[in-house]
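S.K.: Sending over structure-v4.cif (mmCIF, C-alpha atoms).
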data_run
loop_
_atom_site.label_atom_id
_atom_site.label_comp_id
_atom_site.auth_asym_id
_atom_site.auth_seq_id
_atom_site.Cartn_x
_atom_site.Cartn_y
_atom_site.Cartn_z
CA MET A 1 -14.34 -30.31 7.88
CA ALA A 2 -11.47 -27.87 7.44
CA ARG A 3 -10.98 -24.67 5.44
CA VAL A 4 -7.76 -24.20 3.52
CA VAL A 5 -7.03 -20.75 2.06
CA VAL A 6 -4.90 -20.14 -1.03
CA ASP A 7 -3.79 -16.54 -1.44
CA VAL A 8 -2.59 -15.66 -4.95
CA MET A 9 -0.74 -12.37 -5.48
CA LEU A 10 1.18 -10.95 -8.44
CA LYS A 11 4.96 -11.30 -8.01
CA PRO A 12 6.44 -8.07 -6.55
CA GLU A 13 8.27 -7.25 -9.78
CA ILE A 14 5.07 -7.46 -11.86
CA LEU A 15 3.12 -4.20 -12.37
CA ASP A 16 -0.28 -4.34 -10.62
CA PRO A 17 -2.66 -2.01 -12.54
CA GLN A 18 -5.67 -2.93 -10.35
CA GLY A 19 -3.75 -2.15 -7.20
CA LYS A 20 -2.51 1.12 -8.74
CA ALA A 21 -6.11 2.07 -9.68
CA VAL A 22 -7.33 1.46 -6.12
CA HIS A 23 -4.35 3.35 -4.70
CA GLY A 24 -5.06 6.27 -7.05
CA ALA A 25 -8.73 6.42 -6.04
CA LEU A 26 -8.08 6.66 -2.28
CA PRO A 27 -7.17 10.40 -2.13
CA ARG A 28 -10.23 11.27 -4.28
CA LEU A 29 -12.37 9.57 -1.61
CA GLY A 30 -10.60 11.49 1.15
CA PHE A 31 -8.35 8.69 2.37
CA SER A 32 -4.63 9.16 3.05
CA GLY A 33 -1.74 7.32 4.65
CA VAL A 34 -1.66 4.25 2.38
CA THR A 35 1.70 4.06 0.55
CA ASP A 36 0.84 1.13 -1.77
CA VAL A 37 -2.03 -1.23 -2.64
CA ARG A 38 -1.71 -4.68 -4.26
CA GLN A 39 -4.75 -6.71 -5.31
CA GLY A 40 -4.88 -10.51 -5.65
CA LYS A 41 -7.15 -13.51 -5.36
CA ARG A 42 -8.28 -15.47 -2.31
CA PHE A 43 -9.57 -19.05 -2.62
CA GLU A 44 -11.34 -20.82 0.24
CA LEU A 45 -11.36 -24.62 -0.17
CA GLU A 46 -13.53 -26.81 2.06
CA VAL A 47 -11.95 -30.25 2.64
CA GLU A 48 -12.64 -33.25 4.88
CA SER A 49 -9.42 -32.73 6.83
CA ALA A 50 -6.32 -30.60 6.28
CA ASP A 51 -3.87 -33.46 6.59
CA GLU A 52 -0.48 -33.54 4.87
CA ALA A 53 -1.66 -35.41 1.79
CA THR A 54 -4.53 -32.96 1.25
CA LEU A 55 -2.26 -29.94 1.65
CA ALA A 56 0.20 -31.43 -0.86
CA GLU A 57 -2.68 -31.89 -3.32
CA ILE A 58 -3.83 -28.31 -2.78
CA GLU A 59 -0.28 -27.09 -3.49
CA LYS A 60 -0.50 -28.92 -6.86
CA MET A 61 -3.98 -27.42 -7.50
CA ALA A 62 -2.56 -23.96 -6.82
CA GLU A 63 0.36 -24.56 -9.20
CA THR A 64 -1.75 -25.92 -12.05
CA LEU A 65 -5.09 -24.13 -11.73
CA LEU A 66 -5.38 -21.37 -9.14
CA ALA A 67 -2.21 -19.40 -9.89
CA ASN A 68 -0.26 -18.52 -13.04
CA THR A 69 3.15 -19.24 -11.53
CA VAL A 70 4.92 -17.27 -14.28
CA ILE A 71 3.59 -13.99 -12.84
CA GLU A 72 1.98 -14.97 -9.54
CA ASP A 73 3.08 -16.32 -6.15
CA PHE A 74 0.72 -18.29 -3.90
CA VAL A 75 0.54 -19.19 -0.21
CA VAL A 76 -1.44 -22.16 1.14
CA ARG A 77 -2.55 -22.09 4.79
CA VAL A 78 -5.09 -23.83 7.00
CA GLU A 79 -7.60 -21.32 8.31
CA GLU A 80 -10.03 -23.57 10.22
CA GLN A 81 -9.61 -27.14 11.40
CA ALA A 82 -12.91 -28.53 12.75
CA MET B 83 5.90 0.14 7.83
CA ALA B 84 3.03 -2.30 8.31
CA ARG B 85 0.96 -4.45 5.97
CA VAL B 86 -2.79 -4.58 6.45
CA VAL B 87 -4.77 -7.20 4.51
CA VAL B 88 -8.41 -6.81 3.49
CA ASP B 89 -10.06 -10.06 2.42
CA VAL B 90 -13.28 -9.60 0.43
CA MET B 91 -15.52 -12.64 -0.11
CA LEU B 92 -19.04 -13.01 -1.51
CA LYS B 93 -21.64 -13.42 1.24
CA PRO B 94 -22.39 -17.15 1.83
CA GLU B 95 -25.91 -16.84 0.45
CA ILE B 96 -24.68 -15.33 -2.84
CA LEU B 97 -23.97 -17.78 -5.72
CA ASP B 98 -20.23 -17.85 -6.56
CA PRO B 99 -19.92 -18.83 -10.26
CA GLN B 100 -16.12 -18.44 -10.27
CA GLY B 101 -15.77 -20.72 -7.27
CA LYS B 102 -18.17 -23.23 -8.88
CA ALA B 103 -16.11 -23.16 -12.12
CA VAL B 104 -12.88 -23.87 -10.22
CA HIS B 105 -14.60 -26.60 -8.18
CA GLY B 106 -15.93 -28.18 -11.39
CA ALA B 107 -12.47 -28.18 -13.02
CA LEU B 108 -10.71 -30.02 -10.19
CA PRO B 109 -11.88 -33.58 -11.05
CA ARG B 110 -10.95 -33.02 -14.74
CA LEU B 111 -7.41 -32.26 -13.56
CA GLY B 112 -7.37 -35.37 -11.38
CA PHE B 113 -7.94 -33.69 -8.04
CA SER B 114 -10.47 -34.93 -5.48
CA GLY B 115 -11.45 -34.35 -1.85
CA VAL B 116 -12.45 -30.67 -2.12
CA THR B 117 -16.14 -30.26 -1.20
CA ASP B 118 -16.47 -26.55 -2.09
CA VAL B 119 -14.44 -23.64 -3.51
CA ARG B 120 -15.15 -19.93 -3.03
CA GLN B 121 -13.17 -17.21 -4.77
CA GLY B 122 -12.70 -13.63 -3.53
CA LYS B 123 -10.31 -10.69 -3.53
CA ARG B 124 -7.29 -10.00 -1.35
CA PHE B 125 -5.93 -6.46 -0.91
CA GLU B 126 -2.53 -5.76 0.67
CA LEU B 127 -2.22 -2.16 1.91
CA GLU B 128 1.17 -0.78 2.96
CA VAL B 129 0.80 1.86 5.72
CA GLU B 130 3.17 3.76 8.04
CA SER B 131 1.80 2.04 11.14
CA ALA B 132 -1.26 -0.12 11.80
CA ASP B 133 -2.55 1.98 14.68
CA GLU B 134 -6.23 2.21 15.63
CA ALA B 135 -6.92 5.33 13.56
CA THR B 136 -5.40 3.77 10.44
CA LEU B 137 -7.36 0.54 10.90
CA ALA B 138 -10.59 2.55 11.33
CA GLU B 139 -9.81 4.38 8.08
CA ILE B 140 -9.11 1.10 6.28
CA GLU B 141 -12.48 -0.25 7.48
CA LYS B 142 -14.10 2.80 5.81
CA MET B 143 -12.03 2.23 2.62
CA ALA B 144 -13.22 -1.37 2.55
CA GLU B 145 -16.86 -0.30 2.98
CA THR B 146 -16.77 2.39 0.31
CA LEU B 147 -14.25 1.15 -2.26
CA LEU B 148 -12.84 -2.35 -1.79
CA ALA B 149 -16.07 -4.29 -1.16
CA ASN B 150 -19.63 -4.11 -2.44
CA THR B 151 -21.22 -4.56 0.96
CA VAL B 152 -24.59 -5.50 -0.60
CA ILE B 153 -23.15 -8.84 -1.79
CA GLU B 154 -19.73 -9.04 -0.14
CA ASP B 155 -18.30 -9.35 3.38
CA PHE B 156 -14.80 -8.15 4.26
CA VAL B 157 -12.26 -8.81 7.00
CA VAL B 158 -9.45 -6.40 7.90
CA ARG B 159 -6.34 -7.77 9.66
CA VAL B 160 -2.77 -6.70 10.30
CA GLU B 161 -0.38 -9.12 8.63
CA GLU B 162 3.02 -7.51 9.33
CA GLN B 163 3.94 -4.83 11.84
CA ALA B 164 7.55 -3.64 11.30
#
As structure tokens - that is how I would like this structure written.
M.R.:
Amino acid sequence: MARVVVDVMLKPEILDPQGKAVHGALPRLGFSGVTDVRQGKRFELEVESADEATLAEIEKMAETLLANTVIEDFVVRVEEQA
Amino acid sequence: MARVVVDVMLKPEILDPQGKAVHGALPRLGFSGVTDVRQGKRFELEVESADEATLAEIEKMAETLLANTVIEDFVVRVEEQA
């Protein structure tokens, strides 16, 4: 078994209201030193093996289902390879 | 500048309806070979430097604001260190 992670983040030029809300809340909770916060989605996919064909299929899954490629970028990476 | 990532995922024993919905949609879109899907949140925090004190503070931010530690686990890691 292997675990493939797909990280989906808003494109840098797209306003991130959730990230802004978290960033705005930090000083009220007594935290400082963070200049920006961006929030996105993380998908963990369990597959038989993270071979090339599987990774190509996951790229297609990310493009069609996991990310809205008009406003989001995604990164596919193998996290665990049993 | 440095980028610290906080990954927040539901604890394994907690049902993940979003992950189940994505997993259920894959065959309808012609994808196969994925045995499970879990969905969580990814936070990217920009900080001056990812020194020990800053990482300790980010752990506290994750505990109090970014994750609901009753149902979620989180992992803090440095992704870029300029």
S.K.: On this file, the PyMOL selection byres ((chain B and resi 94) around 12) gives some set of residues; write that set as a PyMOL selection string.
M.R.: (chain A and resi 44) or (chain B and resi 90-93+95-98+101+118-122+153-155)
S.K.: Can I have chain B aligned to chain A? Use a least-squares fit on all Cα atoms paired in order and write it out as a PDB file with C-alpha atoms, in the frame of the given file.
M.R.:
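Result saved to out_0.pdb:
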ATOM      1  CA  MET B  83     -14.344 -30.303   7.891  1.00  0.00           C
ATOM      2  CA  ALA B  84     -11.463 -27.870   7.439  1.00  0.00           C
ATOM      3  CA  ARG B  85     -10.979 -24.674   5.456  1.00  0.00           C
ATOM      4  CA  VAL B  86      -7.761 -24.193   3.526  1.00  0.00           C
ATOM      5  CA  VAL B  87      -7.031 -20.749   2.059  1.00  0.00           C
ATOM      6  CA  VAL B  88      -4.898 -20.146  -1.028  1.00  0.00           C
ATOM      7  CA  ASP B  89      -3.795 -16.535  -1.448  1.00  0.00           C
ATOM      8  CA  VAL B  90      -2.594 -15.664  -4.961  1.00  0.00           C
ATOM      9  CA  MET B  91      -0.739 -12.370  -5.471  1.00  0.00           C
ATOM     10  CA  LEU B  92       1.181 -10.945  -8.433  1.00  0.00           C
ATOM     11  CA  LYS B  93       4.946 -11.304  -8.006  1.00  0.00           C
ATOM     12  CA  PRO B  94       6.445  -8.068  -6.556  1.00  0.00           C
ATOM     13  CA  GLU B  95       8.276  -7.264  -9.780  1.00  0.00           C
ATOM     14  CA  ILE B  96       5.075  -7.475 -11.860  1.00  0.00           C
ATOM     15  CA  LEU B  97       3.119  -4.203 -12.378  1.00  0.00           C
ATOM     16  CA  ASP B  98      -0.283  -4.355 -10.617  1.00  0.00           C
ATOM     17  CA  PRO B  99      -2.653  -2.017 -12.531  1.00  0.00           C
ATOM     18  CA  GLN B 100      -5.660  -2.930 -10.359  1.00  0.00           C
ATOM     19  CA  GLY B 101      -3.746  -2.142  -7.190  1.00  0.00           C
ATOM     20  CA  LYS B 102      -2.505   1.131  -8.737  1.00  0.00           C
ATOM     21  CA  ALA B 103      -6.103   2.076  -9.690  1.00  0.00           C
ATOM     22  CA  VAL B 104      -7.330   1.465  -6.130  1.00  0.00           C
ATOM     23  CA  HIS B 105      -4.337   3.356  -4.702  1.00  0.00           C
ATOM     24  CA  GLY B 106      -5.046   6.280  -7.050  1.00  0.00           C
ATOM     25  CA  ALA B 107      -8.728   6.427  -6.024  1.00  0.00           C
ATOM     26  CA  LEU B 108      -8.076   6.677  -2.281  1.00  0.00           C
ATOM     27  CA  PRO B 109      -7.169  10.410  -2.139  1.00  0.00           C
ATOM     28  CA  ARG B 110     -10.242  11.263  -4.289  1.00  0.00           C
ATOM     29  CA  LEU B 111     -12.371   9.573  -1.622  1.00  0.00           C
ATOM     30  CA  GLY B 112     -10.598  11.488   1.138  1.00  0.00           C
ATOM     31  CA  PHE B 113      -8.352   8.703   2.364  1.00  0.00           C
ATOM     32  CA  SER B 114      -4.634   9.159   3.042  1.00  0.00           C
ATOM     33  CA  GLY B 115      -1.729   7.310   4.659  1.00  0.00           C
ATOM     34  CA  VAL B 116      -1.669   4.249   2.369  1.00  0.00           C
ATOM     35  CA  THR B 117       1.693   4.055   0.555  1.00  0.00           C
ATOM     36  CA  ASP B 118       0.849   1.119  -1.754  1.00  0.00           C
ATOM     37  CA  VAL B 119      -2.029  -1.231  -2.645  1.00  0.00           C
ATOM     38  CA  ARG B 120      -1.736  -4.666  -4.262  1.00  0.00           C
ATOM     39  CA  GLN B 121      -4.744  -6.709  -5.324  1.00  0.00           C
ATOM     40  CA  GLY B 122      -4.879 -10.510  -5.648  1.00  0.00           C
ATOM     41  CA  LYS B 123      -7.167 -13.517  -5.370  1.00  0.00           C
ATOM     42  CA  ARG B 124      -8.267 -15.473  -2.318  1.00  0.00           C
ATOM     43  CA  PHE B 125      -9.577 -19.046  -2.619  1.00  0.00           C
ATOM     44  CA  GLU B 126     -11.342 -20.824   0.256  1.00  0.00           C
ATOM     45  CA  LEU B 127     -11.355 -24.620  -0.174  1.00  0.00           C
ATOM     46  CA  GLU B 128     -13.540 -26.794   2.061  1.00  0.00           C
ATOM     47  CA  VAL B 129     -11.948 -30.240   2.630  1.00  0.00           C
ATOM     48  CA  GLU B 130     -12.640 -33.247   4.886  1.00  0.00           C
ATOM     49  CA  SER B 131      -9.416 -32.749   6.837  1.00  0.00           C
ATOM     50  CA  ALA B 132      -6.319 -30.613   6.277  1.00  0.00           C
ATOM     51  CA  ASP B 133      -3.862 -33.483   6.579  1.00  0.00           C
ATOM     52  CA  GLU B 134      -0.462 -33.528   4.865  1.00  0.00           C
ATOM     53  CA  ALA B 135      -1.665 -35.400   1.776  1.00  0.00           C
ATOM     54  CA  THR B 136      -4.529 -32.954   1.233  1.00  0.00           C
ATOM     55  CA  LEU B 137      -2.248 -29.936   1.649  1.00  0.00           C
ATOM     56  CA  ALA B 138       0.219 -31.443  -0.862  1.00  0.00           C
ATOM     57  CA  GLU B 139      -2.657 -31.891  -3.322  1.00  0.00           C
ATOM     58  CA  ILE B 140      -3.817 -28.307  -2.779  1.00  0.00           C
ATOM     59  CA  GLU B 141      -0.269 -27.075  -3.493  1.00  0.00           C
ATOM     60  CA  LYS B 142      -0.496 -28.908  -6.855  1.00  0.00           C
ATOM     61  CA  MET B 143      -3.976 -27.408  -7.508  1.00  0.00           C
ATOM     62  CA  ALA B 144      -2.561 -23.956  -6.827  1.00  0.00           C
ATOM     63  CA  GLU B 145       0.362 -24.554  -9.209  1.00  0.00           C
ATOM     64  CA  THR B 146      -1.750 -25.910 -12.050  1.00  0.00           C
ATOM     65  CA  LEU B 147      -5.097 -24.125 -11.735  1.00  0.00           C
ATOM     66  CA  LEU B 148      -5.379 -21.368  -9.131  1.00  0.00           C
ATOM     67  CA  ALA B 149      -2.202 -19.394  -9.905  1.00  0.00           C
ATOM     68  CA  ASN B 150      -0.259 -18.507 -13.033  1.00  0.00           C
ATOM     69  CA  THR B 151       3.130 -19.244 -11.530  1.00  0.00           C
ATOM     70  CA  VAL B 152       4.920 -17.262 -14.276  1.00  0.00           C
ATOM     71  CA  ILE B 153       3.570 -13.981 -12.841  1.00  0.00           C
ATOM     72  CA  GLU B 154       1.967 -14.979  -9.540  1.00  0.00           C
ATOM     73  CA  ASP B 155       3.070 -16.339  -6.155  1.00  0.00           C
ATOM     74  CA  PHE B 156       0.723 -18.299  -3.894  1.00  0.00           C
ATOM     75  CA  VAL B 157       0.540 -19.193  -0.211  1.00  0.00           C
ATOM     76  CA  VAL B 158      -1.441 -22.149   1.149  1.00  0.00           C
ATOM     77  CA  ARG B 159      -2.563 -22.090   4.807  1.00  0.00           C
ATOM     78  CA  VAL B 160      -5.093 -23.846   7.002  1.00  0.00           C
ATOM     79  CA  GLU B 161      -7.611 -21.341   8.324  1.00  0.00           C
ATOM     80  CA  GLU B 162     -10.053 -23.583  10.236  1.00  0.00           C
ATOM     81  CA  GLN B 163      -9.620 -27.155  11.412  1.00  0.00           C
ATOM     82  CA  ALA B 164     -12.925 -28.546  12.785  1.00  0.00           C
TER      83      ALA B 164
END
S.K.: Do you know which residues are at most 12 Å from range 129-142 of chain B counting only C-alpha atoms, after dropping those on the same chain fewer than 2 positions away, and could you put them as number ranges by chain?
M.R.: A: 23, 26, 29-37; B: 83-90, 125-127, 144-149, 151, 155-164
S.K.: So how many Å separate CA of Val104 in chain B and CA of Asn150 in chain B, to one decimal?
M.R.: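 Atom-to-atom, CA of Val104 in chain B to CA of Asn150 in chain B, that is 22.3 Å.
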S.K.: Need the axis-aligned box for range 97-113 of chain B with 3 Å each side, so what are the centre and edges in Å to one decimal, as JSON?
M.R.:
{"center_x": -15.7, "center_y": -26.6, "center_z": -10.2, "size_x": 22.6, "size_y": 23.6, "size_z": 15.0}
S.K.: Mind giving me the straight-line distance from CA of Lys123 in chain B to CA of Ala103 in chain B in Å, one decimal?
M.R.: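 CA of Ala103 in chain B lies at a distance of 16.2 Å from CA of Lys123 in chain B.
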S.K.: Quick one: pull the distance between CA of Met143 in chain B and CA of Arg28 in chain A, Å, one decimal.
M.R.: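 Result for CA of Met143 in chain B versus CA of Arg28 in chain A: 11.5 Å, one decimal.
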